[in-house]
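Shown here: protein21.cif, mmCIF, N, CA and C atoms.
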data_coords
loop_
_atom_site.label_atom_id
_atom_site.label_comp_id
_atom_site.auth_asym_id
_atom_site.auth_seq_id
_atom_site.Cartn_x
_atom_site.Cartn_y
_atom_site.Cartn_z
N MET A 1 11.92 11.19 -14.53
CA MET A 1 11.81 11.96 -13.31
C MET A 1 11.34 13.38 -13.63
N HIS A 2 11.97 14.01 -14.60
CA HIS A 2 11.59 15.38 -14.97
C HIS A 2 10.18 15.41 -15.54
N CYS A 3 9.83 14.39 -16.30
CA CYS A 3 8.48 14.30 -16.87
C CYS A 3 7.46 14.21 -15.73
N LEU A 4 7.73 13.40 -14.72
CA LEU A 4 6.83 13.26 -13.59
C LEU A 4 6.69 14.59 -12.85
N ARG A 5 7.79 15.26 -12.65
CA ARG A 5 7.73 16.58 -11.99
C ARG A 5 6.88 17.55 -12.79
N GLY A 6 7.03 17.53 -14.11
CA GLY A 6 6.25 18.42 -14.97
C GLY A 6 4.76 18.11 -14.88
N ILE A 7 4.42 16.85 -14.88
CA ILE A 7 3.01 16.45 -14.75
C ILE A 7 2.45 16.94 -13.43
N LEU A 8 3.22 16.76 -12.36
CA LEU A 8 2.76 17.17 -11.04
C LEU A 8 2.64 18.69 -10.93
N LYS A 9 3.60 19.43 -11.50
CA LYS A 9 3.53 20.89 -11.46
C LYS A 9 2.32 21.42 -12.21
N ALA A 10 1.96 20.75 -13.28
CA ALA A 10 0.82 21.17 -14.10
C ALA A 10 -0.50 20.63 -13.54
N ASN A 11 -0.44 20.01 -12.36
CA ASN A 11 -1.62 19.39 -11.74
C ASN A 11 -2.23 18.33 -12.64
N GLY A 12 -1.37 17.67 -13.41
CA GLY A 12 -1.83 16.60 -14.29
C GLY A 12 -2.02 15.31 -13.51
N GLU A 13 -2.59 14.34 -14.17
CA GLU A 13 -2.85 13.05 -13.55
C GLU A 13 -1.99 11.98 -14.22
N VAL A 14 -1.46 11.10 -13.41
CA VAL A 14 -0.68 9.96 -13.89
C VAL A 14 -1.67 8.81 -14.09
N SER A 15 -1.67 8.21 -15.27
CA SER A 15 -2.59 7.10 -15.53
C SER A 15 -2.14 5.86 -14.75
N ASP A 16 -3.03 4.89 -14.68
CA ASP A 16 -2.69 3.63 -14.01
C ASP A 16 -1.49 2.96 -14.68
N GLN A 17 -1.50 2.95 -16.01
CA GLN A 17 -0.40 2.32 -16.74
C GLN A 17 0.91 3.06 -16.51
N GLU A 18 0.85 4.39 -16.48
CA GLU A 18 2.06 5.17 -16.22
C GLU A 18 2.57 4.92 -14.80
N LEU A 19 1.66 4.79 -13.85
CA LEU A 19 2.07 4.52 -12.48
C LEU A 19 2.77 3.17 -12.39
N VAL A 20 2.22 2.17 -13.05
CA VAL A 20 2.87 0.85 -13.06
C VAL A 20 4.27 0.96 -13.67
N GLN A 21 4.37 1.68 -14.78
CA GLN A 21 5.67 1.85 -15.43
C GLN A 21 6.65 2.59 -14.52
N LEU A 22 6.20 3.62 -13.84
CA LEU A 22 7.07 4.38 -12.93
C LEU A 22 7.53 3.51 -11.76
N ILE A 23 6.62 2.70 -11.24
CA ILE A 23 6.99 1.84 -10.12
C ILE A 23 8.02 0.79 -10.55
N THR A 24 7.85 0.25 -11.76
CA THR A 24 8.75 -0.81 -12.21
C THR A 24 10.07 -0.30 -12.74
N SER A 25 10.07 0.87 -13.35
CA SER A 25 11.31 1.33 -13.99
C SER A 25 11.97 2.49 -13.27
N GLY A 26 11.26 3.09 -12.34
CA GLY A 26 11.81 4.24 -11.63
C GLY A 26 12.82 3.82 -10.58
N GLY A 27 13.77 4.68 -10.30
CA GLY A 27 14.73 4.43 -9.24
C GLY A 27 14.20 4.95 -7.92
N THR A 28 15.09 5.02 -6.95
CA THR A 28 14.67 5.46 -5.62
C THR A 28 14.17 6.90 -5.61
N ARG A 29 14.76 7.76 -6.45
CA ARG A 29 14.29 9.16 -6.49
C ARG A 29 12.88 9.25 -7.06
N VAL A 30 12.61 8.47 -8.08
CA VAL A 30 11.27 8.47 -8.66
C VAL A 30 10.27 7.92 -7.65
N LEU A 31 10.62 6.81 -6.99
CA LEU A 31 9.72 6.24 -5.98
C LEU A 31 9.48 7.22 -4.84
N SER A 32 10.52 7.93 -4.44
CA SER A 32 10.38 8.92 -3.39
C SER A 32 9.42 10.03 -3.81
N LEU A 33 9.58 10.51 -5.04
CA LEU A 33 8.68 11.53 -5.57
C LEU A 33 7.25 11.01 -5.66
N LEU A 34 7.09 9.78 -6.12
CA LEU A 34 5.76 9.17 -6.22
C LEU A 34 5.09 9.06 -4.86
N THR A 35 5.80 8.48 -3.90
CA THR A 35 5.18 8.28 -2.59
C THR A 35 4.88 9.61 -1.90
N GLY A 36 5.78 10.58 -2.04
CA GLY A 36 5.52 11.90 -1.49
C GLY A 36 4.29 12.53 -2.12
N SER A 37 4.13 12.34 -3.42
CA SER A 37 2.97 12.88 -4.13
C SER A 37 1.68 12.19 -3.72
N VAL A 38 1.76 10.89 -3.45
CA VAL A 38 0.58 10.17 -2.97
C VAL A 38 0.20 10.67 -1.58
N ARG A 39 1.19 10.83 -0.71
CA ARG A 39 0.91 11.32 0.65
C ARG A 39 0.29 12.71 0.64
N ARG A 40 0.73 13.56 -0.27
CA ARG A 40 0.19 14.93 -0.36
C ARG A 40 -1.14 14.98 -1.11
N GLY A 41 -1.51 13.90 -1.76
CA GLY A 41 -2.76 13.87 -2.51
C GLY A 41 -2.62 14.33 -3.95
N ALA A 42 -1.41 14.60 -4.40
CA ALA A 42 -1.20 15.02 -5.79
C ALA A 42 -1.40 13.86 -6.76
N ILE A 43 -1.17 12.65 -6.30
CA ILE A 43 -1.43 11.44 -7.09
C ILE A 43 -2.36 10.58 -6.26
N ARG A 44 -3.47 10.20 -6.86
CA ARG A 44 -4.41 9.36 -6.12
C ARG A 44 -3.92 7.91 -6.11
N PHE A 45 -4.13 7.25 -4.98
CA PHE A 45 -3.74 5.84 -4.86
C PHE A 45 -4.72 5.16 -3.91
N GLY A 46 -5.94 4.98 -4.41
CA GLY A 46 -6.98 4.32 -3.64
C GLY A 46 -7.03 2.84 -3.95
N LEU A 47 -8.09 2.22 -3.52
CA LEU A 47 -8.24 0.77 -3.68
C LEU A 47 -8.23 0.34 -5.14
N ASP A 48 -8.95 1.04 -6.00
CA ASP A 48 -8.99 0.64 -7.42
C ASP A 48 -7.61 0.68 -8.05
N ARG A 49 -6.89 1.74 -7.79
CA ARG A 49 -5.55 1.87 -8.36
C ARG A 49 -4.58 0.86 -7.74
N ALA A 50 -4.66 0.67 -6.44
CA ALA A 50 -3.80 -0.32 -5.78
C ALA A 50 -4.08 -1.72 -6.32
N THR A 51 -5.35 -2.02 -6.57
CA THR A 51 -5.72 -3.32 -7.13
C THR A 51 -5.13 -3.48 -8.53
N TYR A 52 -5.26 -2.45 -9.36
CA TYR A 52 -4.71 -2.49 -10.72
C TYR A 52 -3.20 -2.72 -10.68
N VAL A 53 -2.53 -1.99 -9.82
CA VAL A 53 -1.07 -2.11 -9.72
C VAL A 53 -0.70 -3.51 -9.23
N MET A 54 -1.41 -4.01 -8.23
CA MET A 54 -1.11 -5.35 -7.72
C MET A 54 -1.33 -6.40 -8.81
N GLN A 55 -2.43 -6.30 -9.54
CA GLN A 55 -2.70 -7.26 -10.61
C GLN A 55 -1.65 -7.19 -11.71
N SER A 56 -1.14 -6.00 -11.98
CA SER A 56 -0.15 -5.82 -13.04
C SER A 56 1.23 -6.32 -12.64
N LEU A 57 1.57 -6.23 -11.37
CA LEU A 57 2.95 -6.48 -10.95
C LEU A 57 3.17 -7.72 -10.11
N ALA A 58 2.12 -8.39 -9.66
CA ALA A 58 2.28 -9.51 -8.74
C ALA A 58 3.12 -10.64 -9.30
N GLY A 59 3.07 -10.88 -10.60
CA GLY A 59 3.80 -11.98 -11.21
C GLY A 59 5.24 -11.67 -11.58
N VAL A 60 5.70 -10.45 -11.29
CA VAL A 60 7.06 -10.04 -11.65
C VAL A 60 7.87 -9.84 -10.37
N PRO A 61 8.78 -10.78 -10.05
CA PRO A 61 9.49 -10.71 -8.76
C PRO A 61 10.18 -9.37 -8.48
N ALA A 62 10.88 -8.81 -9.45
CA ALA A 62 11.58 -7.54 -9.21
C ALA A 62 10.58 -6.41 -8.96
N ALA A 63 9.46 -6.45 -9.67
CA ALA A 63 8.43 -5.42 -9.49
C ALA A 63 7.74 -5.57 -8.14
N ARG A 64 7.58 -6.80 -7.68
CA ARG A 64 6.98 -7.03 -6.35
C ARG A 64 7.83 -6.37 -5.27
N LYS A 65 9.12 -6.50 -5.40
CA LYS A 65 10.03 -5.90 -4.41
C LYS A 65 9.89 -4.38 -4.41
N THR A 66 9.83 -3.79 -5.59
CA THR A 66 9.68 -2.34 -5.70
C THR A 66 8.31 -1.90 -5.18
N LEU A 67 7.27 -2.66 -5.49
CA LEU A 67 5.94 -2.33 -5.01
C LEU A 67 5.86 -2.41 -3.49
N ARG A 68 6.53 -3.39 -2.91
CA ARG A 68 6.58 -3.49 -1.45
C ARG A 68 7.27 -2.25 -0.87
N HIS A 69 8.33 -1.80 -1.51
CA HIS A 69 9.00 -0.57 -1.06
C HIS A 69 8.04 0.62 -1.17
N PHE A 70 7.33 0.71 -2.27
CA PHE A 70 6.37 1.79 -2.49
C PHE A 70 5.32 1.79 -1.37
N PHE A 71 4.76 0.64 -1.05
CA PHE A 71 3.77 0.55 0.02
C PHE A 71 4.36 0.95 1.37
N ARG A 72 5.60 0.58 1.63
CA ARG A 72 6.22 0.92 2.92
C ARG A 72 6.32 2.43 3.12
N GLU A 73 6.32 3.18 2.05
CA GLU A 73 6.44 4.63 2.15
C GLU A 73 5.11 5.34 2.33
N LEU A 74 4.01 4.61 2.22
CA LEU A 74 2.70 5.21 2.40
C LEU A 74 2.44 5.47 3.88
N GLY A 75 1.43 6.26 4.19
CA GLY A 75 1.07 6.52 5.57
C GLY A 75 0.72 5.23 6.30
N HIS A 76 1.04 5.15 7.57
CA HIS A 76 0.91 3.93 8.36
C HIS A 76 -0.49 3.32 8.28
N TRP A 77 -1.52 4.09 8.62
CA TRP A 77 -2.88 3.55 8.66
C TRP A 77 -3.50 3.48 7.27
N ASP A 78 -3.12 4.38 6.38
CA ASP A 78 -3.59 4.30 4.99
C ASP A 78 -3.09 3.01 4.35
N ARG A 79 -1.85 2.69 4.63
CA ARG A 79 -1.25 1.48 4.09
C ARG A 79 -1.98 0.24 4.61
N LEU A 80 -2.25 0.21 5.92
CA LEU A 80 -2.96 -0.94 6.48
C LEU A 80 -4.35 -1.05 5.88
N SER A 81 -5.04 0.06 5.74
CA SER A 81 -6.38 0.05 5.16
C SER A 81 -6.35 -0.52 3.74
N LEU A 82 -5.41 -0.08 2.94
CA LEU A 82 -5.30 -0.61 1.57
C LEU A 82 -5.02 -2.10 1.58
N ILE A 83 -4.10 -2.53 2.42
CA ILE A 83 -3.75 -3.95 2.48
C ILE A 83 -4.98 -4.78 2.85
N LEU A 84 -5.72 -4.33 3.85
CA LEU A 84 -6.89 -5.09 4.30
C LEU A 84 -8.03 -5.07 3.29
N ARG A 85 -8.08 -4.07 2.41
CA ARG A 85 -9.15 -3.99 1.41
C ARG A 85 -8.78 -4.66 0.09
N LEU A 86 -7.49 -4.89 -0.16
CA LEU A 86 -7.08 -5.55 -1.40
C LEU A 86 -7.59 -6.99 -1.42
N GLN A 87 -8.06 -7.42 -2.57
CA GLN A 87 -8.59 -8.78 -2.74
C GLN A 87 -7.77 -9.50 -3.81
N PRO A 88 -6.79 -10.31 -3.40
CA PRO A 88 -5.98 -11.02 -4.39
C PRO A 88 -6.82 -12.01 -5.19
N ASP A 89 -6.51 -12.11 -6.49
CA ASP A 89 -7.26 -12.99 -7.39
C ASP A 89 -6.55 -14.30 -7.70
N ASP A 90 -5.24 -14.35 -7.53
CA ASP A 90 -4.51 -15.56 -7.88
C ASP A 90 -3.35 -15.76 -6.90
N ALA A 91 -2.60 -16.82 -7.10
CA ALA A 91 -1.53 -17.19 -6.16
C ALA A 91 -0.46 -16.11 -6.06
N ASP A 92 -0.05 -15.54 -7.20
CA ASP A 92 0.98 -14.49 -7.18
C ASP A 92 0.49 -13.26 -6.40
N GLN A 93 -0.75 -12.88 -6.63
CA GLN A 93 -1.31 -11.72 -5.92
C GLN A 93 -1.44 -12.03 -4.42
N TYR A 94 -1.83 -13.26 -4.10
CA TYR A 94 -1.95 -13.62 -2.69
C TYR A 94 -0.58 -13.57 -2.01
N LEU A 95 0.46 -14.05 -2.67
CA LEU A 95 1.81 -13.98 -2.09
C LEU A 95 2.24 -12.54 -1.87
N LEU A 96 1.96 -11.68 -2.84
CA LEU A 96 2.28 -10.27 -2.70
C LEU A 96 1.49 -9.67 -1.55
N TRP A 97 0.20 -9.96 -1.47
CA TRP A 97 -0.64 -9.46 -0.39
C TRP A 97 -0.11 -9.91 0.97
N HIS A 98 0.28 -11.16 1.05
CA HIS A 98 0.84 -11.70 2.29
C HIS A 98 2.13 -10.96 2.66
N ASP A 99 2.98 -10.70 1.68
CA ASP A 99 4.22 -9.96 1.92
C ASP A 99 3.93 -8.53 2.38
N LEU A 100 2.93 -7.89 1.77
CA LEU A 100 2.56 -6.53 2.18
C LEU A 100 2.08 -6.52 3.64
N ALA A 101 1.29 -7.53 4.00
CA ALA A 101 0.83 -7.62 5.38
C ALA A 101 2.00 -7.88 6.33
N ALA A 102 2.92 -8.75 5.93
CA ALA A 102 4.09 -9.05 6.77
C ALA A 102 4.95 -7.80 6.95
N ASP A 103 5.11 -7.02 5.89
CA ASP A 103 5.89 -5.78 5.98
C ASP A 103 5.24 -4.81 6.96
N TRP A 104 3.90 -4.74 6.94
CA TRP A 104 3.22 -3.82 7.85
C TRP A 104 3.39 -4.30 9.29
N VAL A 105 3.28 -5.59 9.51
CA VAL A 105 3.41 -6.14 10.87
C VAL A 105 4.79 -5.80 11.45
N LYS A 106 5.81 -5.80 10.61
CA LYS A 106 7.17 -5.48 11.09
C LYS A 106 7.25 -4.08 11.70
N VAL A 107 6.40 -3.17 11.24
CA VAL A 107 6.43 -1.79 11.75
C VAL A 107 5.15 -1.44 12.52
N SER A 108 4.42 -2.46 12.93
CA SER A 108 3.12 -2.23 13.56
C SER A 108 3.23 -1.48 14.88
N ASP A 109 4.39 -1.49 15.50
CA ASP A 109 4.56 -0.77 16.77
C ASP A 109 4.94 0.69 16.57
N SER A 110 5.11 1.12 15.32
CA SER A 110 5.44 2.51 15.05
C SER A 110 4.31 3.42 15.53
N TYR A 111 4.71 4.54 16.12
CA TYR A 111 3.68 5.47 16.59
C TYR A 111 3.06 6.19 15.40
N ALA A 112 1.75 6.20 15.38
CA ALA A 112 0.99 6.98 14.39
C ALA A 112 -0.37 7.25 15.02
N PRO A 113 -0.76 8.51 15.11
CA PRO A 113 -2.06 8.83 15.71
C PRO A 113 -3.19 8.09 15.00
N LEU A 114 -4.16 7.65 15.80
CA LEU A 114 -5.29 6.91 15.25
C LEU A 114 -6.54 7.30 16.02
N GLY A 115 -7.49 7.90 15.32
CA GLY A 115 -8.74 8.30 15.96
C GLY A 115 -9.68 7.13 16.13
N PRO A 116 -10.69 7.29 16.97
CA PRO A 116 -11.61 6.18 17.25
C PRO A 116 -12.41 5.71 16.03
N THR A 117 -12.79 6.63 15.15
CA THR A 117 -13.55 6.24 13.96
C THR A 117 -12.69 5.40 13.04
N ARG A 118 -11.47 5.86 12.78
CA ARG A 118 -10.56 5.10 11.91
C ARG A 118 -10.22 3.75 12.54
N ARG A 119 -10.02 3.72 13.85
CA ARG A 119 -9.73 2.46 14.56
C ARG A 119 -10.86 1.47 14.33
N SER A 120 -12.10 1.93 14.50
CA SER A 120 -13.27 1.06 14.31
C SER A 120 -13.34 0.53 12.87
N GLU A 121 -13.07 1.41 11.91
CA GLU A 121 -13.08 0.99 10.50
C GLU A 121 -12.03 -0.09 10.24
N LEU A 122 -10.83 0.14 10.76
CA LEU A 122 -9.74 -0.83 10.55
C LEU A 122 -10.01 -2.14 11.27
N LEU A 123 -10.57 -2.08 12.47
CA LEU A 123 -10.92 -3.32 13.18
C LEU A 123 -11.98 -4.11 12.43
N ALA A 124 -12.95 -3.40 11.84
CA ALA A 124 -13.99 -4.07 11.04
C ALA A 124 -13.38 -4.71 9.79
N LEU A 125 -12.46 -4.00 9.14
CA LEU A 125 -11.77 -4.58 7.98
C LEU A 125 -10.98 -5.82 8.38
N LEU A 126 -10.27 -5.72 9.49
CA LEU A 126 -9.49 -6.86 9.97
C LEU A 126 -10.40 -8.05 10.27
N GLU A 127 -11.51 -7.79 10.92
CA GLU A 127 -12.48 -8.85 11.24
C GLU A 127 -12.97 -9.53 9.96
N SER A 128 -13.20 -8.74 8.92
CA SER A 128 -13.70 -9.31 7.67
C SER A 128 -12.66 -10.17 6.95
N ARG A 129 -11.39 -10.00 7.30
CA ARG A 129 -10.32 -10.76 6.64
C ARG A 129 -9.68 -11.80 7.55
N LYS A 130 -10.25 -12.03 8.73
CA LYS A 130 -9.57 -12.86 9.73
C LYS A 130 -9.30 -14.28 9.27
N THR A 131 -10.08 -14.82 8.35
CA THR A 131 -9.82 -16.18 7.89
C THR A 131 -8.69 -16.23 6.86
N GLU A 132 -8.31 -15.07 6.32
CA GLU A 132 -7.28 -15.02 5.28
C GLU A 132 -5.92 -14.60 5.81
N VAL A 133 -5.91 -13.96 6.98
CA VAL A 133 -4.68 -13.40 7.51
C VAL A 133 -4.02 -14.41 8.45
N ASN A 134 -2.72 -14.57 8.30
CA ASN A 134 -1.93 -15.40 9.19
C ASN A 134 -2.27 -15.02 10.63
N ILE A 135 -2.46 -16.00 11.51
CA ILE A 135 -2.91 -15.75 12.88
C ILE A 135 -1.95 -14.83 13.64
N GLU A 136 -0.64 -14.97 13.42
CA GLU A 136 0.31 -14.09 14.10
C GLU A 136 0.16 -12.64 13.62
N TYR A 137 -0.07 -12.48 12.33
CA TYR A 137 -0.28 -11.15 11.77
C TYR A 137 -1.59 -10.57 12.30
N LEU A 138 -2.62 -11.42 12.36
CA LEU A 138 -3.91 -10.98 12.87
C LEU A 138 -3.76 -10.43 14.29
N ARG A 139 -3.06 -11.15 15.13
CA ARG A 139 -2.85 -10.71 16.52
C ARG A 139 -2.03 -9.42 16.57
N ALA A 140 -0.99 -9.34 15.75
CA ALA A 140 -0.13 -8.15 15.76
C ALA A 140 -0.91 -6.91 15.28
N ILE A 141 -1.69 -7.08 14.23
CA ILE A 141 -2.48 -5.95 13.70
C ILE A 141 -3.54 -5.54 14.72
N ASP A 142 -4.24 -6.52 15.26
CA ASP A 142 -5.27 -6.23 16.27
C ASP A 142 -4.66 -5.51 17.47
N GLY A 143 -3.51 -6.01 17.93
CA GLY A 143 -2.85 -5.38 19.07
C GLY A 143 -2.43 -3.94 18.77
N ALA A 144 -1.90 -3.72 17.59
CA ALA A 144 -1.48 -2.36 17.21
C ALA A 144 -2.68 -1.41 17.15
N LEU A 145 -3.78 -1.89 16.60
CA LEU A 145 -4.98 -1.05 16.51
C LEU A 145 -5.53 -0.72 17.90
N ARG A 146 -5.47 -1.64 18.79
CA ARG A 146 -6.01 -1.39 20.13
C ARG A 146 -5.08 -0.55 20.99
N ARG A 147 -3.77 -0.58 20.70
CA ARG A 147 -2.80 0.23 21.46
C ARG A 147 -2.82 1.70 21.07
N HIS A 148 -3.12 1.99 19.84
CA HIS A 148 -3.03 3.38 19.35
C HIS A 148 -4.33 4.12 19.50
#

With the file now loaded, output its structure as structure tokens.
Amino acid sequence: MHCLRGILKANGEVSDQELVQLITSGGTRVLSLLTGSVRRGAIRFGLDRATYVMQSLAGVPAARKTLRHFFRELGHWDRLSLILRLQPDDADQYLLWHDLAADWVKVSDSYAPLGPTRRSELLALLESRKTEVNIEYLRAIDGALRRH
């Protein structure tokens, strides 16, 4: 925890491997610090990094649970965008991806401002994944995007 704080104070970067290690071995305080840092932009967590983390942790049940918690703490629409852009490569990754989508659907009615450009981008992403997403999830995500 102190090491992570030091890296962040020095404007250092956490490597992909270090991020995986922090997600798997860190407690709730570390995860809270990580997610807060991602939200503020101090730690980058784009598609490439999310893909690396998913590939590294999908086969480890305890790590999947922690990763799902990590994703739940991300911004509402950023989280959906990442989920819709992730491309699972195997059965374990697909199960994790499905769980991440299910977790988002559970909070899809949460209020979060959404501009027209972002809405269009997310609807296009959803359309591109419609054959892969559970039909109930597809409807819930589409409904949430159109309501906000």

Need to verify the contact set: Glu13 in chain A, 8 Å, all atoms listed in the file, exclusion of same-chain residues closer than 3 positions in sequence. Can you return it as a PyMOL selection string? chain A and resi 7-8+10+16+42-44

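Relative to atom N of Arg72 in chain A, CA of Val105 in chain A is found at 11.6 Å.
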
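Proximity ranking of A:Leu125, A:Ala91, A:Leu19, A:Leu138 relative to Ala58 in chain A places A:Ala91 first, based on all atoms listed in the file.
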
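Between Ile23 in chain A and the residues A:Ser37, A:Thr51, A:Ser110, A:Thr66, the shortest atom-to-atom distance, using only N, CA and C atoms, involves A:Thr66.
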
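In this model, the gap between atom C of Phe45 in chain A and atom N of Ser25 in chain A comes to 18.1 Å.
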
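Among the candidate residues A:Ser81, A:Leu67, A:Thr117, A:Arg49, the one lying nearest to Gly27 in chain A is A:Leu67, with distances computed using only C-alpha atoms.
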